[in-house]
Amino acid sequence: MRKDREEMTLGGPRRSKSLNRASSVKSSLRRHSFGSFHVSHNQGDDDTESEAVSEAGDIGDRALHSRRSSESGRGRISIDNVVESGVIVPILEDASLQPTGFSPHKTTTFNTESALPSSTLDIALGSSADGTAQLEDKKNENEKAIPWILEYISCLSFLALFGILGVITRFYLQKLFGPRVIGATTDQSYMYPDLPSNMVGSFLMGWFGVVFKGDISEVSDNLAIGLTTGFLGSLTTFSGWNQKMLDLSVRGHWVFAILGILIGLFLAAYSIIFGIETAKGFKWLKKRFIREMKFFSSIYSWDLDQYNTYLTGTVVLLLILGVVWGVCIAFTKKQFYSDHSHAELLLGCIVGPFGVWIRWFLARLNGRGLGKKPVLRWVPFGTLAANILAAAVMAALATLKKAVNTDKCNTVATGIQLGFLGCLSTVSTFIAEFNAMRQSSHTWRAYAYATSTIVISFALGTLIYSVPVWVKGYD
């Protein structure tokens with residue numbers, strides 16, 4: 001009888017399980033109450049903030065592990081969920097889906113430790129987690145677990161296809177804004193050819209990598225990763241930007257090189273801000289005027305992460321990727337000697353996915369810091385390593401092209417630069433991290449991070465590319 005009364009009081013075993021989940025979520029929420037919330041100035045909160053800004057752009061394959069481990073999950077309270085009654089309902093999000101912008105200097109901030117009584121927070125978390133848990137338990141009873149190897153293959157397929165799409169888009173944006181069409185960019189000016197793609201990618205990062213990433217993840221986590229890490233990461237390129245500044249400096253146009261660096265950073269930074277603000281505006285309009293439309297409501301009911309859908313989707317993606325690679329290889333052989341420009345694009349599409357994959361795996365280093373007792377957790381070492389590595393290899397291939405100076409070498413090297421190195425480096429993720437740091441309580445970190453990335457890449461490029469050109473007298 002006593003046991004029955006206890007089960008009635010707690011709502012039965014399922015209720016007890018839900019309370020355990022709520023307790024876990026609540027503790028996680030209090031540890032990671034960043035985003036639009038005030039961050040207390042103590043060591044624990046500073047470590048949390050440091051990790052958050054470092055993970056603002058990408059966390060690599062840890063995003064997959066976080067679905068399997070509650071330790072990698074994050075709880076956050078969304079401003080959008082402050083309903084008329086004043087009850088704040090938490091939204092469970094993956095670590096990779098955290099908002100990138102937060103500032104303790106804004107007046108519209110909340111502190112989850114002080115703004116809400118513990119009992120109120122417990123009730124809000126408990127009721128939400130209980131409802132979610134019941135739905136999840138019922139759903140999981142009829143679903144087969146997705147093997148981790150299938151998760152990886154599916155995610156890699158998304159990254160590859162979206163990466164190829166990013167390469168193609170960047171190539172044609174170069175052509176569109178180049179001297180032969182619009183004439184806004186040129187190799188001879190600080191308005192470098194990759195500037196439009198970097199701006200467009202940063203703008204879209206504000207939409208799909210910050211404001212709507214959580215909504216996209218409701219449909220499919222891999223789709224969100226494919227859009228942000230795959231497409232936007234490959235649409236933008238840090239190594240191409242760095243190399244164009246080296247080309248200007250090696251010709252003695254140092255003022256143009258410095259202006260290109262400053263303008264490139266400034267425009268990318270404000271592109272993501274503009275993207276975030278316009279996405280917020282669209283989200284507000286959607287809530288006010290089109291939330292009753294069946295199309296939008298039906299999208300959120302889609303679940304592409306079920307086993308059967310997952311398996312079928314992965315097979316289809318692999319088939320599409322195989323066809324794309326096969327077509328690219330066939331046409332590369334056909335156009336290698338007749339149409340160098342399109343041969344470079346096709347070769348870039350073949351090698352581009354490998355650059356995306358490496359960058360994605362390196363991104364797991366973001367937010368981890370250095371040493372057994374991690375220090376410098378605010379530095380996104382994965383993104384930093386990817387950008388510097390790509391810039392160095394890009395400079396080496398540019399030197400090789402100068403030294404060999406044949407059509408065959410130029411086509412192959414340029415294809416690798418366009419595809420593999422363009423996808424290995426990224427401006428969209430870099431600028432998302434920069435924006436998060438700029439809005440944190442340690443604004444100086446944003447400029448230290450940007451300066452370190454740019455200076456190290458440019459210095460290595462000067463040693464690898466500029467010095468040999470000066471010494472050997474290459475044209």
# chains A, B, ... in the order shown; residues from 1 in each chain; ligands from 1
$ closest_atom_pairs --of "range 205-297 of chain A" --to "range 162-170 of chain A" --cutoff "9 Å" --atoms "only C-alpha atoms" --output "tab-separated table"
residue	atom	partner	partner_atom	distance
A:Gly226	CA	A:Phe162	CA	5.8
A:Leu227	CA	A:Phe162	CA	6.5
A:Thr228	CA	A:Phe162	CA	8.9
A:Thr229	CA	A:Gly163	CA	8.2
A:Gly230	CA	A:Gly163	CA	4.6
A:Phe231	CA	A:Phe162	CA	4.5
A:Leu232	CA	A:Gly166	CA	6.5
A:Gly233	CA	A:Gly166	CA	7.6
A:Ser234	CA	A:Gly166	CA	4.8
A:Leu235	CA	A:Gly166	CA	4.2
A:Thr236	CA	A:Arg170	CA	7.2
A:Thr237	CA	A:Arg170	CA	8.8
$ write_last_selection --atoms "C-alpha atoms" --output "compact mmCIF listing (two decimals), in the first residue's frame"
# COMPACT_ATOMS: atom_id res chain seq x y z
CA GLY A 226 24.96 19.63 -43.75
CA LEU A 227 23.61 23.16 -44.24
CA THR A 228 25.98 24.89 -41.81
CA THR A 229 29.21 22.89 -41.79
CA GLY A 230 28.77 21.48 -45.29
CA PHE A 231 27.20 24.16 -47.50
CA LEU A 232 27.98 27.42 -45.68
CA GLY A 233 31.41 26.26 -44.55
CA SER A 234 32.30 25.40 -48.16
CA LEU A 235 30.61 28.42 -49.70
CA THR A 236 32.98 30.61 -47.69
CA THR A 237 36.76 30.23 -47.75
$ residues_around --residues "range 365-377 of chain A" --least-positions-apart "4" --cutoff "6 Å" --atoms "only C-alpha atoms" --output "tab-separated table (two decimals) with N, CA, C and O atoms, in the first residue's frame"
chain	number	residue	atom	x	y	z
A	50	SER	N	33.28	30.47	-21.93
A	50	SER	CA	34.41	30.21	-22.82
A	50	SER	C	34.12	29.04	-23.74
A	50	SER	O	34.38	29.10	-24.95
A	51	GLU	N	33.57	27.98	-23.18
A	51	GLU	CA	33.23	26.82	-23.99
A	51	GLU	C	32.13	27.15	-24.99
A	51	GLU	O	32.15	26.71	-26.14
A	54	SER	N	33.36	29.21	-28.00
A	54	SER	CA	34.24	28.40	-28.83
A	54	SER	C	33.44	27.40	-29.66
A	54	SER	O	33.87	27.00	-30.75
A	55	GLU	N	32.29	26.98	-29.15
A	55	GLU	CA	31.46	26.00	-29.84
A	55	GLU	C	30.34	26.65	-30.65
A	55	GLU	O	29.47	25.96	-31.18
A	59	ILE	N	30.92	21.92	-33.60
A	59	ILE	CA	31.58	21.03	-32.65
A	59	ILE	C	31.89	19.67	-33.28
A	59	ILE	O	32.20	18.71	-32.60
A	381	PHE	N	40.03	25.78	-31.32
A	381	PHE	CA	41.27	25.26	-31.90
A	381	PHE	C	41.02	24.44	-33.17
A	381	PHE	O	41.89	24.38	-34.05
A	382	GLY	N	39.86	23.81	-33.28
A	382	GLY	CA	39.56	23.06	-34.49
A	382	GLY	C	39.44	23.95	-35.71
A	382	GLY	O	40.07	23.69	-36.75
$ closest_residue --among "A:Leu156, A:Val210, A:Pro193, A:Leu161" --to "Leu173 in chain A" --atoms "only C-alpha atoms"
A:Pro193
$ residues_around --residues "range 392-398 of chain A" --least-positions-apart "5" --cutoff "9 Å" --atoms "only C-alpha atoms" --output "list in words"
Ser239, Gly240, Asn242, Gln243, Leu246, Asn387, Ala403, Asn410, Ala413, Thr414, Ile416, Gln417, Leu421, Gly422, Ser457, Phe458, Leu460, Gly461, Thr462, Leu463, Ile464, Tyr465 and Ser466 of chain A
$ write_last_selection --atoms "N, CA and C atoms" --output "PDB file, in the first residue's frame"
ATOM      1  N   SER A 239      41.071  30.373 -46.722  1.00  0.00           N
ATOM      2  CA  SER A 239      42.356  30.191 -47.406  1.00  0.00           C
ATOM      3  C   SER A 239      42.408  30.986 -48.708  1.00  0.00           C
ATOM      4  N   GLY A 240      41.283  31.030 -49.441  1.00  0.00           N
ATOM      5  CA  GLY A 240      41.242  31.812 -50.669  1.00  0.00           C
ATOM      6  C   GLY A 240      41.403  33.304 -50.404  1.00  0.00           C
ATOM      7  N   ASN A 242      42.970  34.631 -47.768  1.00  0.00           N
ATOM      8  CA  ASN A 242      44.347  34.847 -47.352  1.00  0.00           C
ATOM      9  C   ASN A 242      45.301  34.849 -48.552  1.00  0.00           C
ATOM     10  N   GLN A 243      45.065  33.942 -49.509  1.00  0.00           N
ATOM     11  CA  GLN A 243      45.957  33.846 -50.659  1.00  0.00           C
ATOM     12  C   GLN A 243      45.874  35.078 -51.547  1.00  0.00           C
ATOM     13  N   LEU A 246      47.954  37.667 -50.074  1.00  0.00           N
ATOM     14  CA  LEU A 246      49.370  37.378 -50.331  1.00  0.00           C
ATOM     15  C   LEU A 246      49.749  37.778 -51.754  1.00  0.00           C
ATOM     16  N   ASN A 387      41.742  26.460 -40.653  1.00  0.00           N
ATOM     17  CA  ASN A 387      42.010  27.658 -41.458  1.00  0.00           C
ATOM     18  C   ASN A 387      43.498  27.880 -41.698  1.00  0.00           C
ATOM     19  N   ALA A 403      56.406  27.811 -59.858  1.00  0.00           N
ATOM     20  CA  ALA A 403      57.647  27.116 -60.187  1.00  0.00           C
ATOM     21  C   ALA A 403      57.512  26.245 -61.437  1.00  0.00           C
ATOM     22  N   ASN A 410      48.714  23.876 -63.370  1.00  0.00           N
ATOM     23  CA  ASN A 410      47.836  24.958 -62.923  1.00  0.00           C
ATOM     24  C   ASN A 410      46.404  24.480 -62.748  1.00  0.00           C
ATOM     25  N   ALA A 413      46.333  22.063 -59.575  1.00  0.00           N
ATOM     26  CA  ALA A 413      46.555  22.808 -58.338  1.00  0.00           C
ATOM     27  C   ALA A 413      45.388  23.745 -58.035  1.00  0.00           C
ATOM     28  N   THR A 414      44.874  24.413 -59.055  1.00  0.00           N
ATOM     29  CA  THR A 414      43.748  25.325 -58.846  1.00  0.00           C
ATOM     30  C   THR A 414      42.487  24.560 -58.440  1.00  0.00           C
ATOM     31  N   ILE A 416      42.416  21.793 -56.714  1.00  0.00           N
ATOM     32  CA  ILE A 416      42.597  21.424 -55.307  1.00  0.00           C
ATOM     33  C   ILE A 416      42.399  22.642 -54.408  1.00  0.00           C
ATOM     34  N   GLN A 417      42.897  23.793 -54.843  1.00  0.00           N
ATOM     35  CA  GLN A 417      42.697  25.015 -54.068  1.00  0.00           C
ATOM     36  C   GLN A 417      41.221  25.371 -53.966  1.00  0.00           C
ATOM     37  N   LEU A 421      40.901  22.764 -50.437  1.00  0.00           N
ATOM     38  CA  LEU A 421      41.328  23.791 -49.482  1.00  0.00           C
ATOM     39  C   LEU A 421      40.241  24.825 -49.231  1.00  0.00           C
ATOM     40  N   GLY A 422      39.429  25.114 -50.262  1.00  0.00           N
ATOM     41  CA  GLY A 422      38.306  26.014 -50.052  1.00  0.00           C
ATOM     42  C   GLY A 422      37.303  25.453 -49.069  1.00  0.00           C
ATOM     43  N   SER A 457      48.264  32.918 -40.349  1.00  0.00           N
ATOM     44  CA  SER A 457      48.060  32.440 -41.728  1.00  0.00           C
ATOM     45  C   SER A 457      48.838  33.283 -42.721  1.00  0.00           C
ATOM     46  N   PHE A 458      48.799  34.593 -42.554  1.00  0.00           N
ATOM     47  CA  PHE A 458      49.501  35.483 -43.473  1.00  0.00           C
ATOM     48  C   PHE A 458      51.013  35.327 -43.338  1.00  0.00           C
ATOM     49  N   LEU A 460      52.712  32.605 -42.313  1.00  0.00           N
ATOM     50  CA  LEU A 460      53.106  31.335 -42.925  1.00  0.00           C
ATOM     51  C   LEU A 460      53.040  31.426 -44.450  1.00  0.00           C
ATOM     52  N   GLY A 461      52.009  32.086 -44.949  1.00  0.00           N
ATOM     53  CA  GLY A 461      51.884  32.255 -46.386  1.00  0.00           C
ATOM     54  C   GLY A 461      53.018  33.072 -46.977  1.00  0.00           C
ATOM     55  N   THR A 462      53.458  34.075 -46.226  1.00  0.00           N
ATOM     56  CA  THR A 462      54.590  34.892 -46.682  1.00  0.00           C
ATOM     57  C   THR A 462      55.859  34.059 -46.785  1.00  0.00           C
ATOM     58  N   LEU A 463      56.093  33.201 -45.779  1.00  0.00           N
ATOM     59  CA  LEU A 463      57.283  32.343 -45.799  1.00  0.00           C
ATOM     60  C   LEU A 463      57.207  31.299 -46.908  1.00  0.00           C
ATOM     61  N   ILE A 464      56.022  30.724 -47.106  1.00  0.00           N
ATOM     62  CA  ILE A 464      55.880  29.625 -48.067  1.00  0.00           C
ATOM     63  C   ILE A 464      55.743  30.125 -49.497  1.00  0.00           C
ATOM     64  N   TYR A 465      55.093  31.273 -49.685  1.00  0.00           N
ATOM     65  CA  TYR A 465      54.788  31.755 -51.025  1.00  0.00           C
ATOM     66  C   TYR A 465      55.568  33.019 -51.403  1.00  0.00           C
ATOM     67  N   SER A 466      55.444  34.059 -50.604  1.00  0.00           N
ATOM     68  CA  SER A 466      56.019  35.359 -50.992  1.00  0.00           C
ATOM     69  C   SER A 466      57.539  35.327 -51.063  1.00  0.00           C
TER      70      SER A 466
END
$ residues_around --residues "Ile329 in chain A" --least-positions-apart "4" --cutoff "10 Å" --atoms "only C-alpha atoms" --output "ChimeraX atom specification"
/A:323-325,333-334,343,346-347,349-350
$ atom_distance --atom1 "CA of Arg364 in chain A" --atom2 "CA of Asp61 in chain A"
6.2 Å
$ atom_distance --atom1 "CA of His342 in chain A" --atom2 "CA of Tyr474 in chain A"
26.2 Å
$ select_by_dssp --residues "range 170-272 of chain A" --states "helix (DSSP H, G or I)" --output "VMD selection string"
chain A and resid 170 to 177 195 to 211 213 to 219 221 to 235 238 to 250 254 to 272
